[in-house]
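Heads up: the structure comes next, in structure tokens.
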Amino acid sequence: MTNKFYVTCAIPYVNARPHIGHALEFVQGDAIARYQKLRGRQVLFLSGGDENALKNVQAAQDAQTPVQQFVDRNSGLFRTLAENLDVQFDVFQKGSDREKHYPASQKLWQLCAGSGDIYEKEYEGLYCVGCEAFYTPDELDENGECFEHPGKKLDTVREKNYFFRLSRYRETLTDIIRGTHSGYGRLRIIPEKRENEILAFLARGLTDISISRSNERAKNWGVPVPGDPTQRIYVWFDALNIYQSGAGFGWNDSLYRKWWPADIHVIGKGILRFHAVYWPAFLLSAKLPLPKSIFVHEYFTVNGQKMSKTLGNVIDPNQIISKFGSEAVRYYLLAKFSPFADGDFSEPEFTKTYNSDLANGLGNLVSRVAALAQRLKITPDDGKRTLLLKSFGDQYQFNLALETIWKVIKECDVRINERRIWTLSGGEKSAALDDIIRDIRNISYNLTPFLPRTAGIITDQFKGSDIPKRDPLFPRIG
RNA sequence: GCCAGCGUAGCUCAGUGGUAGAGCAGCGUCUUCAUAAGGCGUGGGCCGCAGGUUCGAUCCCUGCCGCUGGCACCA
């Protein structure tokens, strides 16, 4: 078995600021990356910025900022969020990077073209000049006009585009996702309900998709189509390829061969089709290896309502982090939600969780044991560890993994009470504490993927024979 | 409209063809080593509604109501 593990987070659109949903995905990806490191694998963890979309150009115009400057600034916001959460990307690949990403996308295009899967076709659609976008009839109101610009007739526009022969890959993709293909390994979609959704989608048949835009429509922004300076590569064909371009594709073959294919793509449910159908189809066409799995998380509501700009309830994760600390945010996001169901983010619930689990649970246990251990000789850390999370790597159910760890915390509290350790003295007391401290060392070890900073502090505090008393890890709030 | 899933204690959720479970919140109590923390105990549920199958259904089937997701070029 290979010992490398390549994990990606989705490449966020950088036309707006990051919200709490981005924080969730970053933290999930980071926990997976750190877990695989804990298991001894060499890990590459990537995200990036989807910077070539037309929406970025429009948002930049609204902000009266040059496009490159705009996407650089907004990409920076996502990187800052990652840093604030202790999410350590090894690579943050920008889509506007002309040195690595542009040639990588053009290479993918040429490989697909070489397989005969790219062809020219007249595209005809209803174009709204106000939005500078095409619409399908069902996206319009009863007057056949777009919702943003009522009263404005849409134009029927014809344009030459390049199309990708997606239809050709329906059966192959179905077999690969089912795990019944003879030549390719299974592309696993987690959880199963999302796999079923994709299989149902494939069963209905596929039509070819447009993968380029005219310079005019693309506002001269994006990766030029190889051999046709009048067209730009459509953002989806281009953005997915960041997973490869960030790992050497098109500019460093040995690096690419070391890491590709991705072991897991962490994504939100809204972009599943692009990852489970389009992306593997592009790779099949290019005769490149396919990713091994796709982890699909769901979305947050805020106090019971959908997050939206118009409602003004978009949660800025940086504010929550500065109020509660990054470790508390990581804990809340990972422990208190099923990754496979929508969850409601509310600050009162956050505070409750913080106090009961982190302050009263983990933090208090660490404090009380450190106090009990004062002026005693404790058996130093022997480095022996038990991985409590053996089943975690299958489905990545962060909430269940943390529940398992918190059971051990509870058991420690119970043992301290039952044995009334504070009434013991001398060797009896040291022996009883040795037992508890072994568990605490084990807790911190198992906590590493989820709360890396806290795990580090506890490991350091409990490594020697003299255990220092320190300030509370999580001071109570309220 | 069609397809899939969900609807269980105040809150978040687990669960099984045979007297309903956990965590948090509440209440009582024990304890004092600890961040007024910890342990133990306890109250509280027509298991969405209406039928059906069954000796027996929260769990299986049907219908209805409510919510969520999918139904192609929408990050």
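In the structure tokens, the first chain shown is A, the next is B, and so on; residue numbers restart at 1 for each chain, and ligands run from 1 in the order shown.
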Within segment 77-115 of chain A, find each residue whose DSSP state, derived from the backbone, is helix (DSSP H, G or I), and express the selection as an MDAnalysis selection string.
chainID A and resid 77:84 101:114
Keeping N, CA, C and O atoms, export the residues of the selection given above as a PDB file, in the first residue's frame.
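What ended up in selection.pdb:
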```pdb
ATOM      1  N   LEU A  77      -8.215  36.534   1.838  1.00  0.00           N
ATOM      2  CA  LEU A  77      -9.147  36.393   2.962  1.00  0.00           C
ATOM      3  C   LEU A  77      -9.355  34.934   3.328  1.00  0.00           C
ATOM      4  O   LEU A  77      -9.482  34.581   4.500  1.00  0.00           O
ATOM      5  N   PHE A  78      -9.382  34.082   2.312  1.00  0.00           N
ATOM      6  CA  PHE A  78      -9.559  32.650   2.571  1.00  0.00           C
ATOM      7  C   PHE A  78      -8.307  32.056   3.221  1.00  0.00           C
ATOM      8  O   PHE A  78      -8.398  31.221   4.117  1.00  0.00           O
ATOM      9  N   ARG A  79      -7.175  32.499   2.772  1.00  0.00           N
ATOM     10  CA  ARG A  79      -5.932  32.004   3.383  1.00  0.00           C
ATOM     11  C   ARG A  79      -5.836  32.457   4.827  1.00  0.00           C
ATOM     12  O   ARG A  79      -5.386  31.707   5.695  1.00  0.00           O
ATOM     13  N   THR A  80      -6.243  33.683   5.087  1.00  0.00           N
ATOM     14  CA  THR A  80      -6.205  34.189   6.457  1.00  0.00           C
ATOM     15  C   THR A  80      -7.143  33.391   7.352  1.00  0.00           C
ATOM     16  O   THR A  80      -6.802  33.038   8.481  1.00  0.00           O
ATOM     17  N   LEU A  81      -8.319  33.074   6.824  1.00  0.00           N
ATOM     18  CA  LEU A  81      -9.254  32.265   7.601  1.00  0.00           C
ATOM     19  C   LEU A  81      -8.614  30.924   7.956  1.00  0.00           C
ATOM     20  O   LEU A  81      -8.702  30.462   9.099  1.00  0.00           O
ATOM     21  N   ALA A  82      -7.981  30.310   6.972  1.00  0.00           N
ATOM     22  CA  ALA A  82      -7.328  29.017   7.225  1.00  0.00           C
ATOM     23  C   ALA A  82      -6.286  29.164   8.338  1.00  0.00           C
ATOM     24  O   ALA A  82      -6.245  28.369   9.277  1.00  0.00           O
ATOM     25  N   GLU A  83      -5.473  30.196   8.251  1.00  0.00           N
ATOM     26  CA  GLU A  83      -4.454  30.413   9.288  1.00  0.00           C
ATOM     27  C   GLU A  83      -5.096  30.604  10.651  1.00  0.00           C
ATOM     28  O   GLU A  83      -4.642  30.059  11.650  1.00  0.00           O
ATOM     29  N   ASN A  84      -6.175  31.365  10.690  1.00  0.00           N
ATOM     30  CA  ASN A  84      -6.836  31.629  11.969  1.00  0.00           C
ATOM     31  C   ASN A  84      -7.423  30.368  12.588  1.00  0.00           C
ATOM     32  O   ASN A  84      -7.673  30.324  13.789  1.00  0.00           O
ATOM     33  N   HIS A 101      -0.624  27.185 -13.181  1.00  0.00           N
ATOM     34  CA  HIS A 101      -1.992  26.742 -13.449  1.00  0.00           C
ATOM     35  C   HIS A 101      -2.398  26.873 -14.924  1.00  0.00           C
ATOM     36  O   HIS A 101      -3.038  25.980 -15.462  1.00  0.00           O
ATOM     37  N   TYR A 102      -2.055  27.975 -15.550  1.00  0.00           N
ATOM     38  CA  TYR A 102      -2.432  28.140 -16.965  1.00  0.00           C
ATOM     39  C   TYR A 102      -1.919  26.991 -17.825  1.00  0.00           C
ATOM     40  O   TYR A 102      -2.700  26.348 -18.535  1.00  0.00           O
ATOM     41  N   PRO A 103      -0.611  26.705 -17.786  1.00  0.00           N
ATOM     42  CA  PRO A 103      -0.142  25.575 -18.603  1.00  0.00           C
ATOM     43  C   PRO A 103      -0.782  24.244 -18.216  1.00  0.00           C
ATOM     44  O   PRO A 103      -1.031  23.401 -19.081  1.00  0.00           O
ATOM     45  N   ALA A 104      -1.095  24.071 -16.939  1.00  0.00           N
ATOM     46  CA  ALA A 104      -1.723  22.816 -16.511  1.00  0.00           C
ATOM     47  C   ALA A 104      -3.102  22.660 -17.135  1.00  0.00           C
ATOM     48  O   ALA A 104      -3.473  21.586 -17.605  1.00  0.00           O
ATOM     49  N   SER A 105      -3.872  23.754 -17.152  1.00  0.00           N
ATOM     50  CA  SER A 105      -5.214  23.671 -17.724  1.00  0.00           C
ATOM     51  C   SER A 105      -5.155  23.474 -19.235  1.00  0.00           C
ATOM     52  O   SER A 105      -5.967  22.756 -19.815  1.00  0.00           O
ATOM     53  N   GLN A 106      -4.193  24.118 -19.853  1.00  0.00           N
ATOM     54  CA  GLN A 106      -4.061  23.950 -21.308  1.00  0.00           C
ATOM     55  C   GLN A 106      -3.609  22.535 -21.651  1.00  0.00           C
ATOM     56  O   GLN A 106      -4.027  21.969 -22.654  1.00  0.00           O
ATOM     57  N   LYS A 107      -2.798  21.958 -20.774  1.00  0.00           N
ATOM     58  CA  LYS A 107      -2.361  20.587 -21.010  1.00  0.00           C
ATOM     59  C   LYS A 107      -3.544  19.619 -20.907  1.00  0.00           C
ATOM     60  O   LYS A 107      -3.702  18.723 -21.739  1.00  0.00           O
ATOM     61  N   LEU A 108      -4.369  19.820 -19.889  1.00  0.00           N
ATOM     62  CA  LEU A 108      -5.545  18.956 -19.737  1.00  0.00           C
ATOM     63  C   LEU A 108      -6.438  19.058 -20.976  1.00  0.00           C
ATOM     64  O   LEU A 108      -6.943  18.069 -21.497  1.00  0.00           O
ATOM     65  N   TRP A 109      -6.617  20.294 -21.436  1.00  0.00           N
ATOM     66  CA  TRP A 109      -7.424  20.527 -22.636  1.00  0.00           C
ATOM     67  C   TRP A 109      -6.863  19.750 -23.823  1.00  0.00           C
ATOM     68  O   TRP A 109      -7.600  19.063 -24.542  1.00  0.00           O
ATOM     69  N   GLN A 110      -5.559  19.846 -24.006  1.00  0.00           N
ATOM     70  CA  GLN A 110      -4.950  19.197 -25.170  1.00  0.00           C
ATOM     71  C   GLN A 110      -5.041  17.679 -25.082  1.00  0.00           C
ATOM     72  O   GLN A 110      -5.230  17.005 -26.086  1.00  0.00           O
ATOM     73  N   LEU A 111      -4.938  17.152 -23.876  1.00  0.00           N
ATOM     74  CA  LEU A 111      -5.078  15.704 -23.718  1.00  0.00           C
ATOM     75  C   LEU A 111      -6.493  15.254 -24.078  1.00  0.00           C
ATOM     76  O   LEU A 111      -6.679  14.240 -24.757  1.00  0.00           O
ATOM     77  N   CYS A 112      -7.483  16.028 -23.628  1.00  0.00           N
ATOM     78  CA  CYS A 112      -8.873  15.685 -23.963  1.00  0.00           C
ATOM     79  C   CYS A 112      -9.107  15.832 -25.476  1.00  0.00           C
ATOM     80  O   CYS A 112      -9.776  15.007 -26.100  1.00  0.00           O
ATOM     81  N   ALA A 113      -8.535  16.887 -26.037  1.00  0.00           N
ATOM     82  CA  ALA A 113      -8.670  17.104 -27.478  1.00  0.00           C
ATOM     83  C   ALA A 113      -8.020  15.950 -28.237  1.00  0.00           C
ATOM     84  O   ALA A 113      -8.558  15.467 -29.239  1.00  0.00           O
ATOM     85  N   GLY A 114      -6.899  15.477 -27.724  1.00  0.00           N
ATOM     86  CA  GLY A 114      -6.196  14.364 -28.350  1.00  0.00           C
ATOM     87  C   GLY A 114      -7.021  13.089 -28.364  1.00  0.00           C
ATOM     88  O   GLY A 114      -6.848  12.226 -29.223  1.00  0.00           O
TER      89      GLY A 114
END
```
Quick one: contact table of chain B to chain A, 7 Å max, nearest atom pair and distance in Å to one decimal per residue, counting only C-alpha atoms (C1' of nucleotides), chain and number order, as CSV?
```
residue,atom,partner,partner_atom,distance
B:C33,C1',A:Trp422,CA,5.0
B:A34,C1',A:Arg368,CA,3.7
B:U35,C1',A:Pro475,CA,5.8
B:A37,C1',A:Asn360,CA,6.0
B:G38,C1',A:Asp413,CA,6.3
B:G39,C1',A:Asn417,CA,6.1
B:G70,C1',A:Glu197,CA,6.5
B:C73,C1',A:Ile209,CA,5.8
B:A75,C1',A:Ile271,CA,5.9
```
Export of the given selection (N, CA, C and O atoms (P, O5', C5', C4', C3', O3' and C1' of nucleotides)) as a PDB file, in the first residue's frame:
```pdb
ATOM      1  P     C B  33      -9.736  19.426  48.806  1.00  0.00           P
ATOM      2  O5'   C B  33      -9.152  19.285  47.314  1.00  0.00           O
ATOM      3  C5'   C B  33      -7.753  19.224  47.105  1.00  0.00           C
ATOM      4  C4'   C B  33      -7.527  18.911  45.651  1.00  0.00           C
ATOM      5  C3'   C B  33      -8.244  19.855  44.708  1.00  0.00           C
ATOM      6  O3'   C B  33      -7.470  21.030  44.538  1.00  0.00           O
ATOM      7  C1'   C B  33      -8.491  17.616  43.973  1.00  0.00           C
ATOM      8  P     A B  34      -8.191  22.410  44.345  1.00  0.00           P
ATOM      9  O5'   A B  34      -8.654  22.368  42.817  1.00  0.00           O
ATOM     10  C5'   A B  34      -7.677  22.301  41.772  1.00  0.00           C
ATOM     11  C4'   A B  34      -8.413  22.106  40.463  1.00  0.00           C
ATOM     12  C3'   A B  34      -9.457  23.192  40.195  1.00  0.00           C
ATOM     13  O3'   A B  34      -8.853  24.193  39.410  1.00  0.00           O
ATOM     14  C1'   A B  34     -10.398  21.016  39.892  1.00  0.00           C
ATOM     15  P     U B  35      -9.079  25.701  39.765  1.00  0.00           P
ATOM     16  O5'   U B  35     -10.260  26.031  38.759  1.00  0.00           O
ATOM     17  C5'   U B  35     -10.835  27.343  38.751  1.00  0.00           C
ATOM     18  C4'   U B  35     -11.897  27.359  37.684  1.00  0.00           C
ATOM     19  C3'   U B  35     -13.023  26.357  37.916  1.00  0.00           C
ATOM     20  O3'   U B  35     -14.153  27.074  38.362  1.00  0.00           O
ATOM     21  C1'   U B  35     -12.344  26.498  35.641  1.00  0.00           C
ATOM     22  P     A B  37     -19.959  25.843  37.075  1.00  0.00           P
ATOM     23  O5'   A B  37     -18.926  24.795  36.490  1.00  0.00           O
ATOM     24  C5'   A B  37     -18.940  23.485  36.942  1.00  0.00           C
ATOM     25  C4'   A B  37     -17.555  22.912  36.804  1.00  0.00           C
ATOM     26  C3'   A B  37     -17.510  21.402  36.911  1.00  0.00           C
ATOM     27  O3'   A B  37     -17.775  20.805  35.656  1.00  0.00           O
ATOM     28  C1'   A B  37     -15.909  22.327  38.338  1.00  0.00           C
ATOM     29  P     G B  38     -18.850  19.663  35.544  1.00  0.00           P
ATOM     30  O5'   G B  38     -18.184  18.473  36.372  1.00  0.00           O
ATOM     31  C5'   G B  38     -16.973  17.872  35.918  1.00  0.00           C
ATOM     32  C4'   G B  38     -16.591  16.735  36.826  1.00  0.00           C
ATOM     33  C3'   G B  38     -17.709  15.730  37.083  1.00  0.00           C
ATOM     34  O3'   G B  38     -17.790  14.759  36.067  1.00  0.00           O
ATOM     35  C1'   G B  38     -16.810  16.404  39.146  1.00  0.00           C
ATOM     36  P     G B  39     -19.142  13.957  35.827  1.00  0.00           P
ATOM     37  O5'   G B  39     -19.303  13.052  37.131  1.00  0.00           O
ATOM     38  C5'   G B  39     -18.404  11.971  37.375  1.00  0.00           C
ATOM     39  C4'   G B  39     -18.819  11.225  38.610  1.00  0.00           C
ATOM     40  C3'   G B  39     -20.232  10.675  38.593  1.00  0.00           C
ATOM     41  O3'   G B  39     -20.290   9.428  37.937  1.00  0.00           O
ATOM     42  C1'   G B  39     -19.869  11.796  40.630  1.00  0.00           C
ATOM     43  P     G B  70     -30.159  20.099  -4.176  1.00  0.00           P
ATOM     44  O5'   G B  70     -30.456  18.838  -5.098  1.00  0.00           O
ATOM     45  C5'   G B  70     -29.438  17.880  -5.350  1.00  0.00           C
ATOM     46  C4'   G B  70     -29.986  16.770  -6.205  1.00  0.00           C
ATOM     47  C3'   G B  70     -30.643  17.212  -7.505  1.00  0.00           C
ATOM     48  O3'   G B  70     -29.704  17.485  -8.525  1.00  0.00           O
ATOM     49  C1'   G B  70     -32.024  15.651  -6.422  1.00  0.00           C
ATOM     50  P     C B  73     -29.054  23.421 -16.726  1.00  0.00           P
ATOM     51  O5'   C B  73     -27.530  23.836 -16.830  1.00  0.00           O
ATOM     52  C5'   C B  73     -26.757  23.971 -15.644  1.00  0.00           C
ATOM     53  C4'   C B  73     -25.311  23.904 -16.028  1.00  0.00           C
ATOM     54  C3'   C B  73     -24.833  25.108 -16.817  1.00  0.00           C
ATOM     55  O3'   C B  73     -24.360  26.076 -15.898  1.00  0.00           O
ATOM     56  C1'   C B  73     -24.143  23.110 -17.906  1.00  0.00           C
ATOM     57  P     A B  75     -21.826  28.775 -10.563  1.00  0.00           P
ATOM     58  O5'   A B  75     -21.630  28.933  -8.988  1.00  0.00           O
ATOM     59  C5'   A B  75     -22.445  28.297  -8.030  1.00  0.00           C
ATOM     60  C4'   A B  75     -21.549  27.902  -6.861  1.00  0.00           C
ATOM     61  C3'   A B  75     -20.428  28.903  -6.582  1.00  0.00           C
ATOM     62  O3'   A B  75     -20.839  29.849  -5.610  1.00  0.00           O
ATOM     63  C1'   A B  75     -19.528  26.722  -6.789  1.00  0.00           C
TER      64        A B  75
END
```
I'd like the neighbourhood of segment 12-24 of chain B as a ChimeraX atom specification, where a residue qualifies if any of its atoms comes within 7 Å (using only C-alpha atoms (C1' of nucleotides)), though same-chain residues fewer than 3 positions away should be ignored.
/B:56-57,59
Strand (DSSP E) per DSSP on the backbone: members of segment 42-120 of chain A, as an NGL selection string
:A and (42-49 or 91-94 or 118-120)
Select, from A:Phe324, A:Phe45, A:Phe70, A:Phe462, the residue with the minimum atom-to-atom distance to Leu433 of chain A, counting only C-alpha atoms.
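Result for the nearest residue to Leu433 of chain A: A:Phe462.
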Find the residues around segment 63-66 of chain B up to 9 Å (only C-alpha atoms (C1' of nucleotides) counted), leave out those fewer than 3 positions away in its own chain, and share them as a PyMOL selection string.
chain B and resi 7+48-51
Serialized selection, C-alpha atoms (C1' of nucleotides), as a JSON list (two decimals), in the first residue's frame:
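So part_2.json came out as:
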```
[["chain", "number", "residue", "atom", "x", "y", "z"],
["B", 7, "G", "C1'", -40.39, 13.85, 11.11],
["B", 48, "G", "C1'", -45.85, 13.56, 12.65],
["B", 49, "C", "C1'", -51.48, 12.09, 11.59],
["B", 50, "A", "C1'", -54.93, 8.09, 9.86],
["B", 51, "G", "C1'", -55.58, 3.25, 8.34]]
```
Could you please determine the separation between atom C1' of C67 of chain B and atom CA of Val329 of chain A in Å, to one decimal place?
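If I compute the distance from atom C1' of C67 of chain B to atom CA of Val329 of chain A, I get 28.0 Å.
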Could you tell me how far atom CA of Val225 of chain A sits from atom CA of Pro289 of chain A, in Å to one decimal place?
23.2 Å
Selection: 8 Å around Arg158 of chain A, only C-alpha atoms (C1' of nucleotides), excl. self and same-chain fewer than 4 positions, as a ChimeraX atom specification
/A:122-125
Using N, CA, C and O atoms, can you export the residues from the last selection as a short mmCIF file (atom, residue, chain, number, x, y, z; two decimals), in the first residue's frame?
```cif
data_model
loop_
_atom_site.label_atom_id
_atom_site.label_comp_id
_atom_site.auth_asym_id
_atom_site.auth_seq_id
_atom_site.Cartn_x
_atom_site.Cartn_y
_atom_site.Cartn_z
N GLU A 122 -22.15 25.38 -32.47
CA GLU A 122 -22.86 26.64 -32.24
C GLU A 122 -23.68 26.51 -30.97
O GLU A 122 -24.45 25.56 -30.81
N TYR A 123 -23.51 27.43 -30.09
CA TYR A 123 -24.31 27.44 -28.87
C TYR A 123 -25.35 28.53 -29.02
O TYR A 123 -25.04 29.65 -29.43
N GLU A 124 -26.59 28.19 -28.71
CA GLU A 124 -27.63 29.21 -28.79
C GLU A 124 -28.33 29.30 -27.46
O GLU A 124 -28.70 28.28 -26.88
N GLY A 125 -28.47 30.50 -26.94
CA GLY A 125 -29.11 30.62 -25.64
C GLY A 125 -29.72 31.99 -25.44
O GLY A 125 -29.52 32.91 -26.24
#
```
At a cut-off of 6 Å, using only C-alpha atoms (C1' of nucleotides), what residues contact Val43 of chain A? Leave out same-chain residues fewer than 2 positions from it and give the result as a ChimeraX atom specification.
/A:4-6,41
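You can rank B:A4, B:C71, B:A25, B:A9 by their closest distance to C47 of chain B using only C-alpha atoms (C1' of nucleotides), and at the top of that list sits B:A9.
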Pairwise distance for atom CA of Leu46 of chain A and atom CA of Cys9 of chain A, rounded to one decimal in Å:
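Distance reported for this atom pair: 6.4 Å.
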Need to verify the contact set: G44 of chain B, 12 Å, only C-alpha atoms (C1' of nucleotides), exclusion of same-chain residues closer than 3 positions in sequence. Can you return it as a PyMOL selection string?
chain B and resi 9-10+26-27
